[in-house]
file structure_0.txt (compact mmCIF, C-alpha atoms)
# COMPACT_ATOMS: atom_id res chain seq x y z
CA MET T 1 121.44 50.05 91.09
CA LYS T 2 124.63 51.39 92.65
CA PRO T 3 122.96 53.49 95.43
CA PHE T 4 120.87 50.45 96.27
CA LEU T 5 123.94 48.23 96.67
CA ILE T 6 125.69 50.82 98.82
CA GLY T 7 122.58 51.13 100.96
CA LEU T 8 122.40 47.35 101.32
CA ALA T 9 126.06 47.17 102.33
CA ILE T 10 125.65 49.86 104.99
CA GLY T 11 122.44 48.21 106.24
CA THR T 12 124.18 44.85 106.56
CA ALA T 13 127.11 46.43 108.36
CA ILE T 14 124.81 48.12 110.89
CA LEU T 15 122.89 44.87 111.39
CA LEU T 16 126.08 42.90 112.00
CA PHE T 17 127.25 45.53 114.43
CA PHE T 18 124.07 45.19 116.48
CA ILE T 19 124.14 41.39 116.43
CA ASN T 20 127.73 41.46 117.60
CA PHE T 21 126.96 44.05 120.27
CA GLY T 22 124.02 42.00 121.48
CA SER T 23 125.94 38.75 121.84
CA SER T 24 128.87 40.31 123.65
CA PHE T 25 126.61 41.83 126.30
CA ARG T 26 127.42 40.37 129.69
CA PRO T 27 126.05 41.00 133.13
CA GLU T 28 128.57 43.36 134.62
CA GLN T 29 128.60 43.21 138.41
CA PRO T 30 128.62 46.57 140.22
CA ILE T 31 131.75 45.55 142.14
CA SER T 32 134.51 43.26 140.95
CA PHE T 33 134.01 40.70 143.69
CA ASN T 34 136.69 38.10 144.28
CA HIS T 35 135.40 34.82 145.71
CA LYS T 36 138.87 33.29 145.82
CA LYS T 37 140.41 35.93 148.09
CA HIS T 38 137.56 35.68 150.56
CA HIS T 39 137.67 31.90 150.42
CA GLU T 40 141.40 32.01 151.20
CA GLN T 41 140.65 34.23 154.21
CA GLY T 42 138.45 31.42 155.43
CA VAL T 43 135.19 33.31 155.03
CA GLU T 44 132.43 30.72 154.73
CA CYS T 45 129.82 30.71 151.99
CA ALA T 46 127.10 31.09 154.62
CA THR T 47 128.51 34.44 155.80
CA CYS T 48 127.31 36.01 152.58
CA HIS T 49 124.73 33.52 151.31
CA SER T 50 123.03 33.00 154.63
CA TYR T 51 119.87 31.05 153.99
CA PHE T 52 120.61 27.78 152.20
CA LYS T 53 120.56 25.70 155.37
CA GLU T 54 117.06 26.77 156.35
CA LEU T 55 115.26 28.10 153.29
CA THR T 56 114.71 27.46 149.62
CA PHE T 57 116.99 30.27 148.48
CA SER T 58 120.57 31.20 149.35
CA GLY T 59 120.34 34.96 149.29
CA MET T 60 122.78 37.63 148.10
CA PRO T 61 124.83 39.59 150.66
CA LYS T 62 123.53 42.89 151.98
CA THR T 63 125.87 45.87 152.00
CA ALA T 64 125.95 45.66 155.80
CA VAL T 65 127.58 42.21 155.54
CA CYS T 66 130.45 43.59 153.47
CA MET T 67 130.79 46.48 155.89
CA GLU T 68 131.42 44.13 158.81
CA CYS T 69 134.94 43.72 157.44
CA HIS T 70 135.31 46.60 155.02
CA LYS T 71 134.40 49.47 157.34
CA ASP T 72 138.05 50.34 157.49
CA SER T 73 140.14 50.00 154.35
CA ILE T 74 141.70 46.56 154.34
CA THR T 75 142.70 46.32 150.68
CA LYS T 76 144.15 48.58 148.03
CA HIS T 77 141.48 47.56 145.57
CA PRO T 78 139.63 50.62 144.17
CA ASP T 79 136.27 48.82 144.40
CA GLU T 80 136.39 48.85 148.18
CA GLU T 81 135.53 52.55 148.04
CA LYS T 82 132.38 51.69 146.04
CA ILE T 83 131.06 49.56 148.90
CA LYS T 84 131.30 52.57 151.19
CA GLN T 85 129.50 54.71 148.64
CA PHE T 86 126.59 52.27 148.59
CA GLN T 87 126.60 52.19 152.37
CA LYS T 88 126.63 55.99 152.60
CA ASN T 89 123.67 56.29 150.22
CA GLY T 90 121.85 53.64 152.20
CA GLU T 91 121.62 51.45 149.09
CA GLU T 92 121.94 47.72 148.60
CA ILE T 93 124.53 46.67 146.05
CA PRO T 94 122.52 45.64 142.99
CA TRP T 95 124.14 42.24 142.37
CA LYS T 96 123.11 40.69 139.08
CA ARG T 97 121.91 37.11 139.19
CA LEU T 98 123.23 34.39 136.90
CA TYR T 99 121.16 31.62 138.33
CA GLN T 100 117.50 32.35 138.43
CA GLN T 101 114.61 30.01 137.86
CA PRO T 102 111.26 31.10 136.49
CA ASP T 103 108.61 31.97 139.05
CA ASP T 104 106.70 28.72 138.62
CA VAL T 105 109.66 26.48 139.44
CA PHE T 106 110.11 25.27 143.00
CA PHE T 107 113.74 24.75 143.94
CA SER T 108 115.02 24.34 147.45
CA HIS T 109 118.63 24.80 148.54
CA ARG T 110 117.81 23.38 151.92
CA ARG T 111 116.53 20.17 150.35
CA HIS T 112 119.58 19.67 148.16
CA VAL T 113 122.35 21.04 150.35
CA ALA T 114 121.29 20.62 153.96
CA LEU T 115 119.16 17.47 153.62
CA ALA T 116 120.68 15.59 150.68
CA GLY T 117 124.21 16.73 151.52
CA MET T 118 125.12 18.02 148.06
CA GLU T 119 128.03 20.39 147.58
CA CYS T 120 127.66 23.84 146.06
CA LYS T 121 130.20 22.74 143.45
CA SER T 122 127.95 20.12 141.94
CA CYS T 123 125.63 22.83 140.62
CA HIS T 124 127.64 26.06 140.63
CA GLY T 125 131.11 24.74 139.75
CA ASP T 126 134.08 25.92 141.75
CA ILE T 127 132.85 29.47 142.20
CA GLY T 128 134.81 29.69 145.47
CA GLN T 129 137.94 29.82 143.30
CA SER T 130 136.74 32.57 140.94
CA GLU T 131 138.82 35.74 141.00
CA LYS T 132 136.36 37.81 139.01
CA PRO T 133 132.56 37.61 138.98
CA PRO T 134 131.66 34.91 136.48
CA THR T 135 129.98 36.29 133.37
CA LYS T 136 127.96 33.23 132.58
CA PRO T 137 126.52 30.38 134.62
CA TRP T 138 128.67 27.30 135.12
CA VAL T 139 125.84 25.19 133.80
CA LYS T 140 122.59 26.15 132.11
CA MET T 141 120.00 25.05 134.64
CA THR T 142 117.47 23.68 132.21
CA MET T 143 114.66 21.33 133.11
CA LYS T 144 116.57 18.51 131.43
CA TRP T 145 119.55 19.20 133.67
CA CYS T 146 117.38 18.93 136.81
CA MET T 147 115.60 15.83 135.58
CA ASP T 148 118.73 14.01 134.45
CA CYS T 149 120.19 14.23 137.94
CA HIS T 150 116.85 13.29 139.49
CA THR T 151 116.75 10.20 137.29
CA LYS T 152 120.29 9.28 138.30
CA THR T 153 119.68 9.84 142.01
CA LYS T 154 116.16 8.35 141.94
CA ALA T 155 114.68 11.65 143.13
CA ASN T 156 111.16 12.80 142.32
CA ASN T 157 110.46 13.61 138.65
CA ASP T 158 106.76 14.33 138.93
CA CYS T 159 105.86 17.62 137.23
CA LEU T 160 104.19 18.87 140.41
CA ALA T 161 107.38 18.38 142.43
CA CYS T 162 109.05 21.27 140.61
CA HIS T 163 106.16 23.28 139.16
CA VAL T 164 104.00 25.35 141.50
CA MET C 1 101.47 6.06 148.35
CA HIS C 2 98.98 8.63 149.61
CA LYS C 3 95.74 9.45 147.82
CA TRP C 4 94.70 12.91 148.92
CA GLY C 5 91.03 13.67 149.45
CA MET C 6 88.70 16.12 151.16
CA VAL C 7 85.45 15.77 153.05
CA ILE C 8 83.03 18.71 153.42
CA ASP C 9 80.27 18.38 156.00
CA LEU C 10 77.37 20.51 154.77
CA ASP C 11 75.67 20.16 158.12
CA ARG C 12 78.48 22.07 159.76
CA CYS C 13 79.18 24.54 156.97
CA SER C 14 77.72 27.94 157.82
CA GLY C 15 78.54 29.51 154.46
CA CYS C 16 80.81 32.09 156.07
CA GLN C 17 83.28 32.21 153.15
CA THR C 18 86.38 32.03 155.33
CA CYS C 19 87.62 29.21 153.08
CA MET C 20 87.36 31.48 150.06
CA ALA C 21 89.26 34.28 151.75
CA ALA C 22 91.97 31.95 153.00
CA CYS C 23 92.32 30.43 149.54
CA HIS C 24 92.65 33.81 147.83
CA ALA C 25 95.40 34.91 150.17
CA GLU C 26 97.26 31.60 150.07
CA ASN C 27 97.27 31.18 146.31
CA ASN C 28 97.89 34.72 145.03
CA ILE C 29 94.60 34.76 143.19
CA ALA C 30 94.30 37.90 141.08
CA ILE C 31 91.68 40.50 141.92
CA ILE C 32 89.69 41.99 139.06
CA GLY C 33 87.42 44.99 138.80
CA PRO C 34 83.61 45.11 138.91
CA GLU C 35 83.14 45.37 135.14
CA GLU C 36 85.34 42.37 134.43
CA SER C 37 83.57 40.56 137.21
CA ALA C 38 80.19 41.25 135.61
CA MET C 39 81.49 39.37 132.56
CA GLY C 40 81.98 36.31 134.74
CA ARG C 41 85.75 36.51 134.78
CA THR C 42 86.33 36.41 138.52
CA ILE C 43 88.67 33.68 139.64
CA HIS C 44 87.89 31.51 142.66
CA TRP C 45 89.61 28.25 143.44
CA ILE C 46 86.92 27.48 145.96
CA GLU C 47 83.48 28.97 145.60
CA LEU C 48 80.14 28.75 147.44
CA LEU C 49 77.53 27.52 145.00
CA PRO C 50 73.98 28.49 145.95
CA TYR C 51 71.27 25.92 145.38
CA ILE C 52 67.66 25.39 146.36
CA GLU C 53 66.54 22.25 148.13
CA GLY C 54 63.01 20.88 148.35
CA GLU C 55 59.78 21.76 146.53
CA TYR C 56 58.00 25.09 146.74
CA PRO C 57 56.81 26.28 149.25
CA HIS C 58 58.99 24.04 151.42
CA ILE C 59 62.30 25.23 150.05
CA LYS C 60 65.63 25.95 151.64
CA ALA C 61 68.44 28.03 150.23
CA ARG C 62 71.74 26.25 150.66
CA LEU C 63 75.40 26.94 149.94
CA LEU C 64 77.86 24.35 148.77
CA PRO C 65 81.62 24.98 148.93
CA ARG C 66 83.18 23.77 145.71
CA PRO C 67 86.95 23.33 145.32
CA CYS C 68 88.50 21.24 142.52
CA MET C 69 87.24 17.65 142.86
CA HIS C 70 90.65 16.18 141.94
CA CYS C 71 88.87 13.43 140.06
CA GLU C 72 90.45 10.03 139.56
CA HIS C 73 89.20 10.18 135.97
CA PRO C 74 89.16 13.91 135.19
CA ALA C 75 87.39 15.06 132.06
CA CYS C 76 89.69 18.08 131.85
CA ILE C 77 92.96 16.25 131.21
CA LYS C 78 91.67 14.22 128.27
CA VAL C 79 90.97 17.35 126.24
CA CYS C 80 94.25 19.17 126.90
CA PRO C 81 96.10 19.21 123.56
CA VAL C 82 99.52 19.93 125.10
CA GLY C 83 99.60 17.74 128.21
CA ALA C 84 99.72 20.72 130.56
CA THR C 85 97.35 19.09 133.03
CA TYR C 86 97.44 15.58 134.42
CA VAL C 87 96.63 13.54 137.49
CA ASN C 88 99.68 12.44 139.46
CA GLU C 89 100.32 9.29 141.46
CA GLU C 90 98.99 10.85 144.65
CA GLY C 91 95.74 11.74 142.93
CA LEU C 92 96.34 15.47 142.56
CA VAL C 93 95.17 17.06 139.32
CA GLY C 94 97.94 19.50 138.47
CA ILE C 95 98.55 22.20 135.89
CA VAL C 96 101.99 23.12 134.56
CA TYR C 97 101.32 26.78 133.80
CA SER C 98 104.33 27.22 131.56
CA ARG C 99 102.99 24.54 129.25
CA CYS C 100 99.39 25.82 129.16
CA ILE C 101 98.48 27.52 125.87
CA GLY C 102 95.18 28.94 127.11
CA CYS C 103 92.88 27.10 124.70
CA ARG C 104 90.29 26.66 127.48
CA TYR C 105 89.12 23.21 126.35
CA CYS C 106 89.57 22.10 129.95
CA THR C 107 87.45 24.89 131.42
CA THR C 108 84.64 23.70 129.14
CA ALA C 109 85.19 20.01 129.78
CA CYS C 110 85.14 20.20 133.58
CA PRO C 111 81.63 19.28 134.70
CA TYR C 112 82.17 21.10 138.00
CA THR C 113 83.32 24.35 136.34
CA VAL C 114 86.28 24.66 138.68
CA ARG C 115 88.71 26.00 136.10
CA SER C 116 89.24 29.70 135.42
CA PHE C 117 90.98 31.47 132.60
CA ASN C 118 93.23 34.46 133.27
CA TRP C 119 91.77 37.12 131.02
CA TYR C 120 94.08 39.83 132.35
CA GLU C 121 97.58 40.33 133.60
CA PRO C 122 97.26 39.89 137.36
CA ARG C 123 97.31 43.07 139.41
CA TRP C 124 97.20 43.77 143.11
CA PRO C 125 96.84 46.98 145.05
CA LYS C 126 100.30 48.35 145.93
CA GLU C 127 99.71 47.69 149.62
CA MET C 128 99.26 43.97 148.97
CA LYS C 129 102.46 43.35 146.99
CA GLY C 130 104.42 42.43 150.08
CA SER C 131 101.89 39.90 151.27
CA LEU C 132 101.96 37.64 148.21
CA ASN C 133 102.81 34.03 148.95
CA ARG C 134 106.31 33.27 147.67
CA ASP C 135 105.62 29.54 147.47
CA VAL C 136 102.97 29.96 144.80
CA SER C 137 103.69 31.30 141.33
CA ILE C 138 101.91 34.24 139.76
CA ARG C 139 99.86 33.08 136.81
CA GLY C 140 100.09 35.34 133.79
CA LYS C 141 97.43 36.38 131.34
CA GLY C 142 96.35 33.55 129.07
CA VAL C 143 96.68 30.48 131.29
CA VAL C 144 94.06 28.41 133.06
CA GLU C 145 94.19 27.85 136.80
CA LYS C 146 92.24 26.06 139.50
CA CYS C 147 92.43 24.70 143.03
CA SER C 148 95.62 22.68 143.56
CA PHE C 149 94.73 21.34 147.02
CA CYS C 150 97.53 23.77 148.01
CA HIS C 151 100.05 21.28 146.68
CA HIS C 152 102.92 23.67 147.45
CA ARG C 153 102.16 22.88 151.07
CA LEU C 154 102.83 19.24 150.30
CA LEU C 155 106.26 20.15 148.93
CA LYS C 156 107.05 22.02 152.13
CA ALA C 157 105.67 19.19 154.25
CA ARG C 158 107.83 16.59 152.50
CA GLU C 159 110.87 18.77 153.09
CA ARG C 160 109.99 19.19 156.77
CA ALA C 161 109.50 15.45 157.20
CA LYS C 162 112.87 14.84 155.56
CA ALA C 163 114.52 17.36 157.89
CA GLU C 164 113.01 15.58 160.88
CA LYS C 165 114.21 12.25 159.42
CA ARG C 166 110.79 10.62 159.28
CA GLU C 167 108.14 9.55 156.83
CA LEU C 168 105.51 12.08 155.75
CA LEU C 169 102.38 11.80 157.86
CA SER C 170 99.07 12.84 156.38
CA GLU C 171 98.66 15.40 159.20
CA ASP C 172 101.68 17.24 157.80
CA TYR C 173 99.75 18.39 154.77
CA ILE C 174 96.59 20.47 154.99
CA PRO C 175 95.20 22.95 152.45
CA ALA C 176 94.56 26.56 153.51
CA CYS C 177 90.75 26.32 153.29
CA VAL C 178 90.57 23.30 155.56
CA GLN C 179 92.93 24.91 158.03
CA ALA C 180 90.92 28.14 158.08
CA CYS C 181 87.40 26.69 158.39
CA PRO C 182 86.06 28.01 161.71
CA SER C 183 83.23 25.49 162.01
CA ASN C 184 85.31 22.36 161.37
CA ALA C 185 83.25 21.51 158.32
CA MET C 186 86.26 20.45 156.23
CA TYR C 187 88.58 17.47 156.56
CA PHE C 188 91.61 16.52 154.55
CA GLY C 189 93.74 13.41 154.43
CA ASP C 190 94.70 10.12 152.86
CA LEU C 191 91.91 8.14 151.22
CA ASN C 192 94.23 5.15 150.78
CA ASP C 193 94.40 4.76 154.54
CA PRO C 194 91.14 3.04 155.54
CA PHE C 195 91.38 4.42 159.08
CA SER C 196 91.98 8.08 158.23
CA THR C 197 89.24 10.54 159.20
CA VAL C 198 88.42 11.24 155.56
CA SER C 199 88.11 7.52 154.78
CA ILE C 200 85.88 6.88 157.77
CA LEU C 201 83.66 9.86 156.93
CA SER C 202 83.50 8.86 153.27
CA ARG C 203 81.82 5.60 154.32
CA GLU C 204 79.09 7.42 156.27
CA ARG C 205 75.48 7.18 155.20
CA ARG C 206 75.41 10.92 154.52
CA ALA C 207 78.33 10.75 152.08
CA PHE C 208 77.84 11.65 148.44
CA LYS C 209 79.85 13.01 145.52
CA LEU C 210 78.86 15.58 142.94
CA LEU C 211 77.61 14.23 139.58
CA GLU C 212 78.74 10.78 140.55
CA ASP C 213 77.16 9.10 137.53
CA LEU C 214 79.65 10.79 135.18
CA GLY C 215 82.32 8.34 136.31
CA THR C 216 84.81 11.06 137.17
CA GLU C 217 85.32 9.68 140.71
CA PRO C 218 85.82 12.94 142.59
CA LYS C 219 88.04 12.91 145.67
CA VAL C 220 85.97 15.60 147.33
CA ILE C 221 83.22 13.94 149.32
CA TYR C 222 80.24 15.79 150.76
CA LEU C 223 78.20 14.89 153.82
CA SER C 224 74.60 15.90 153.27
CA GLU C 225 72.57 18.06 155.61
CA GLY C 226 69.78 17.29 157.99
CA MET C 227 69.47 13.52 158.09
call {"tool": "encode", "arguments": {"input": "structure_0.txt", "output": "structure tokens"}}
result
Amino acid sequence: MKPFLIGLAIGTAILLFFINFGSSFRPEQPISFNHKKHHEQGVECATCHSYFKELTFSGMPKTAVCMECHKDSITKHPDEEKIKQFQKNGEEIPWKRLYQQPDDVFFSHRRHVALAGMECKSCHGDIGQSEKPPTKPWVKMTMKWCMDCHTKTKANNDCLACHV
Amino acid sequence: MHKWGMVIDLDRCSGCQTCMAACHAENNIAIIGPEESAMGRTIHWIELLPYIEGEYPHIKARLLPRPCMHCEHPACIKVCPVGATYVNEEGLVGIVYSRCIGCRYCTTACPYTVRSFNWYEPRWPKEMKGSLNRDVSIRGKGVVEKCSFCHHRLLKARERAKAEKRELLSEDYIPACVQACPSNAMYFGDLNDPFSTVSILSRERRAFKLLEDLGTEPKVIYLSEGM
């Protein structure tokens, strides 16, 4: 009986360890990007997320965009060197995405931002003030979340409006 | 409110299959191998159905392009146990792929056999990956699909109209097959507007619908040949 109990205890401990490890896993961005500092420098959202006025998506910045300002060292932050490494290897910085809809959902930034005049804040929170890359989305963009706002704003809630 | 419909003039149709090619490219329709194809598992959203007209020896071989009929009273939606397919206010019969459980009741119920089941995970030759249409989702193994009247084009058209600060016109929205047809055999538009081309043509003497007596009320109207 005793070896069995010891085995059970060890098994439970290992299981708990893995559960804990799993839940504390966060998307770690390759570079500790600081939205707030860039915002304070007056860099506009569209400099890095260039497409929301014209297209459905916003886009993540290419390394070349960062290099426009960071070609010479302008900060003491160690991560600035990493940008140059990516540039030297001819690689794009592999930004992780927090907000990503499934393939069969149609969402258009242009429609919401450029045409309906909504602010980035109303869906992404005040990300312009974040000093470290956020580790989780400001809001879980579930179907209910989309539809609740569409009900409030009398926008289209037909399944085919969002599902392609 | 628009009611979208299509007219296909069989007198003008030359059976060239451009509509099929355009549809495949537009809608990311998966390509399958010859063995799978021999099992009848090829997917086409629009297909040319061969049929024989007349009595022997005075027969003619004909081809009939067959997209989804977008019926007003579709047989397919009544049998769906999960509500993954429905007809919307504008008369489009849609499928929400993420809700589909792949039971295939609808493929059996459709009298026009327009629905296809995805037997395989979709695959494309490497060279084609870049040319997939971003506006249309990739359907996975285990869901049913069919012609959508390119409804993603309607979404884009509504957005364009909004950007130009005007109402949507029916000319703004045209499915890929109709656009591609080189012999102008296909028309698309608003059946609720009595003066639209499709409405006018649908009142012609040559106009008929497939299996009309079933009461499905298709919104694809054919114009017969040689009268």
call {"tool": "closest_atom_pairs", "arguments": {"input": "structure_0.txt", "of": "chain T", "to": "chain C", "cutoff": "10 Å", "atoms": "only C-alpha atoms", "output": "Markdown table"}}
result
| residue | atom | partner | partner_atom | distance |
| --- | --- | --- | --- | --- |
| T:Glu54 | CA | C:Ala163 | CA | 9.9 |
| T:Thr56 | CA | C:Asp135 | CA | 9.6 |
| T:Pro102 | CA | C:Ser137 | CA | 9.0 |
| T:Asp103 | CA | C:Ser137 | CA | 5.5 |
| T:Asp104 | CA | C:Ser137 | CA | 4.8 |
| T:Val105 | CA | C:Ser137 | CA | 7.9 |
| T:Phe106 | CA | C:Asp135 | CA | 7.6 |
| T:Ser108 | CA | C:Glu159 | CA | 8.9 |
| T:Arg110 | CA | C:Glu159 | CA | 8.4 |
| T:Arg111 | CA | C:Glu159 | CA | 6.4 |
| T:Ala114 | CA | C:Ala163 | CA | 8.5 |
| T:Leu115 | CA | C:Ala163 | CA | 6.3 |
| T:Ala116 | CA | C:Lys162 | CA | 9.2 |
| T:Asp158 | CA | C:Asn88 | CA | 7.3 |
| T:Cys159 | CA | C:Val96 | CA | 7.2 |
| T:Leu160 | CA | C:Gly94 | CA | 6.6 |
| T:Ala161 | CA | C:Leu155 | CA | 6.8 |
| T:Cys162 | CA | C:Leu155 | CA | 8.8 |
| T:His163 | CA | C:Val96 | CA | 6.2 |
| T:Val164 | CA | C:Val136 | CA | 5.8 |
call {"tool": "atom_distance", "arguments": {"input": "structure_0.txt", "atom1": "atom CA of C:Ala109", "atom2": "atom CA of C:Ala75"}}
result
5.9 Å
call {"tool": "closest_residue", "arguments": {"input": "structure_0.txt", "among": "T:Val113, T:Ile31, T:Leu55, T:Val139", "to": "T:Glu80", "atoms": "all atoms listed in the file"}}
result
T:Ile31
call {"tool": "atom_distance", "arguments": {"input": "structure_0.txt", "atom1": "atom CA of T:Trp145", "atom2": "atom CA of T:Leu98"}}
result
16.0 Å
call {"tool": "residues_around", "arguments": {"input": "structure_0.txt", "residues": "stretch 68-74 of chain T", "least_positions_apart": "4", "cutoff": "12 Å", "atoms": "all atoms listed in the file", "output": "compact mmCIF listing (two decimals) with C-alpha atoms, keeping the file's coordinate frame"}}
result
# COMPACT_ATOMS: atom_id res chain seq x y z
CA HIS T 38 137.56 35.68 150.56
CA GLN T 41 140.65 34.23 154.21
CA VAL T 43 135.19 33.31 155.03
CA THR T 47 128.51 34.44 155.80
CA CYS T 48 127.31 36.01 152.58
CA PRO T 61 124.83 39.59 150.66
CA LYS T 62 123.53 42.89 151.98
CA THR T 63 125.87 45.87 152.00
CA ALA T 64 125.95 45.66 155.80
CA PRO T 78 139.63 50.62 144.17
CA ASP T 79 136.27 48.82 144.40
CA GLU T 80 136.39 48.85 148.18
CA GLU T 81 135.53 52.55 148.04
CA LYS T 82 132.38 51.69 146.04
CA ILE T 83 131.06 49.56 148.90
CA LYS T 84 131.30 52.57 151.19
CA GLN T 85 129.50 54.71 148.64
CA GLN T 87 126.60 52.19 152.37
CA LYS T 88 126.63 55.99 152.60
call {"tool": "atom_distance", "arguments": {"input": "structure_0.txt", "atom1": "atom CA of C:Cys19", "atom2": "atom CA of C:Asp172"}}
result
19.1 Å
call {"tool": "closest_residue", "arguments": {"input": "structure_0.txt", "among": "C:Pro67, C:Pro125, C:Gly142, C:Gly83", "to": "C:Thr113", "atoms": "all atoms listed in the file"}}
result
C:Pro67
call {"tool": "axis_aligned_box", "arguments": {"input": "structure_0.txt", "around": "stretch 55-62 of chain C", "padding_each_side": "4 Å", "output": "lines of an AutoDock Vina configuration file"}}
result
center_x = 64.3
center_y = 24.9
center_z = 149.1
size_x = 22.9
size_y = 14.3
size_z = 13.1
call {"tool": "closest_residue", "arguments": {"input": "structure_0.txt", "among": "C:Val7, C:Pro74, C:Met1, C:Glu225", "to": "C:Leu201", "atoms": "all atoms listed in the file"}}
result
C:Val7
call {"tool": "residues_around", "arguments": {"input": "structure_0.txt", "residues": "C:Gly40", "least_positions_apart": "5", "cutoff": "12 Å", "atoms": "all atoms listed in the file", "output": "PDB file with C-alpha atoms, in the coordinates of the input"}}
result
ATOM      1  CA  ILE C  32      89.690  41.990 139.060  1.00  0.00           C
ATOM      2  CA  GLY C  33      87.420  44.990 138.800  1.00  0.00           C
ATOM      3  CA  PRO C  34      83.610  45.110 138.910  1.00  0.00           C
ATOM      4  CA  GLU C  35      83.140  45.370 135.140  1.00  0.00           C
ATOM      5  CA  SER C 116      89.240  29.700 135.420  1.00  0.00           C
ATOM      6  CA  PHE C 117      90.980  31.470 132.600  1.00  0.00           C
ATOM      7  CA  ASN C 118      93.230  34.460 133.270  1.00  0.00           C
ATOM      8  CA  TRP C 119      91.770  37.120 131.020  1.00  0.00           C
TER       9      TRP C 119
END
call {"tool": "closest_residue", "arguments": {"input": "structure_0.txt", "among": "T:Ser50, T:Thr75, T:Thr153, T:Ser32", "to": "T:Met118", "atoms": "only C-alpha atoms"}}
result
T:Thr153
call {"tool": "build_atoms", "arguments": {"input": "structure_0.txt", "residues": "stretch 53-64 of chain C", "atoms": "N, CA and C atoms", "output": "PDB file, keeping the file's coordinate frame"}}
result
ATOM      1  N   GLU C  53      66.889  23.631 147.812  1.00  0.00           N
ATOM      2  CA  GLU C  53      66.540  22.250 148.130  1.00  0.00           C
ATOM      3  C   GLU C  53      65.057  22.170 148.419  1.00  0.00           C
ATOM      4  N   GLY C  54      64.415  21.082 148.050  1.00  0.00           N
ATOM      5  CA  GLY C  54      63.010  20.880 148.350  1.00  0.00           C
ATOM      6  C   GLY C  54      62.098  21.430 147.264  1.00  0.00           C
ATOM      7  N   GLU C  55      60.778  21.304 147.492  1.00  0.00           N
ATOM      8  CA  GLU C  55      59.780  21.760 146.530  1.00  0.00           C
ATOM      9  C   GLU C  55      59.051  22.948 147.124  1.00  0.00           C
ATOM     10  N   TYR C  56      58.723  23.908 146.294  1.00  0.00           N
ATOM     11  CA  TYR C  56      58.000  25.090 146.740  1.00  0.00           C
ATOM     12  C   TYR C  56      56.689  24.660 147.383  1.00  0.00           C
ATOM     13  N   PRO C  57      56.235  25.190 148.474  1.00  0.00           N
ATOM     14  CA  PRO C  57      56.810  26.280 149.250  1.00  0.00           C
ATOM     15  C   PRO C  57      57.788  25.811 150.327  1.00  0.00           C
ATOM     16  N   HIS C  58      58.092  24.525 150.370  1.00  0.00           N
ATOM     17  CA  HIS C  58      58.990  24.040 151.420  1.00  0.00           C
ATOM     18  C   HIS C  58      60.421  24.019 150.914  1.00  0.00           C
ATOM     19  N   ILE C  59      60.955  25.192 150.615  1.00  0.00           N
ATOM     20  CA  ILE C  59      62.300  25.230 150.050  1.00  0.00           C
ATOM     21  C   ILE C  59      63.292  25.807 151.046  1.00  0.00           C
ATOM     22  N   LYS C  60      64.542  25.411 150.837  1.00  0.00           N
ATOM     23  CA  LYS C  60      65.630  25.950 151.640  1.00  0.00           C
ATOM     24  C   LYS C  60      66.740  26.395 150.712  1.00  0.00           C
ATOM     25  N   ALA C  61      67.285  27.580 151.001  1.00  0.00           N
ATOM     26  CA  ALA C  61      68.440  28.030 150.230  1.00  0.00           C
ATOM     27  C   ALA C  61      69.695  27.481 150.897  1.00  0.00           C
ATOM     28  N   ARG C  62      70.531  26.852 150.110  1.00  0.00           N
ATOM     29  CA  ARG C  62      71.740  26.250 150.660  1.00  0.00           C
ATOM     30  C   ARG C  62      72.981  26.774 149.946  1.00  0.00           C
ATOM     31  N   LEU C  63      74.132  26.571 150.570  1.00  0.00           N
ATOM     32  CA  LEU C  63      75.400  26.940 149.940  1.00  0.00           C
ATOM     33  C   LEU C  63      76.321  25.721 149.961  1.00  0.00           C
ATOM     34  N   LEU C  64      76.992  25.511 148.870  1.00  0.00           N
ATOM     35  CA  LEU C  64      77.860  24.350 148.770  1.00  0.00           C
ATOM     36  C   LEU C  64      79.278  24.790 148.376  1.00  0.00           C
TER      37      LEU C  64
END
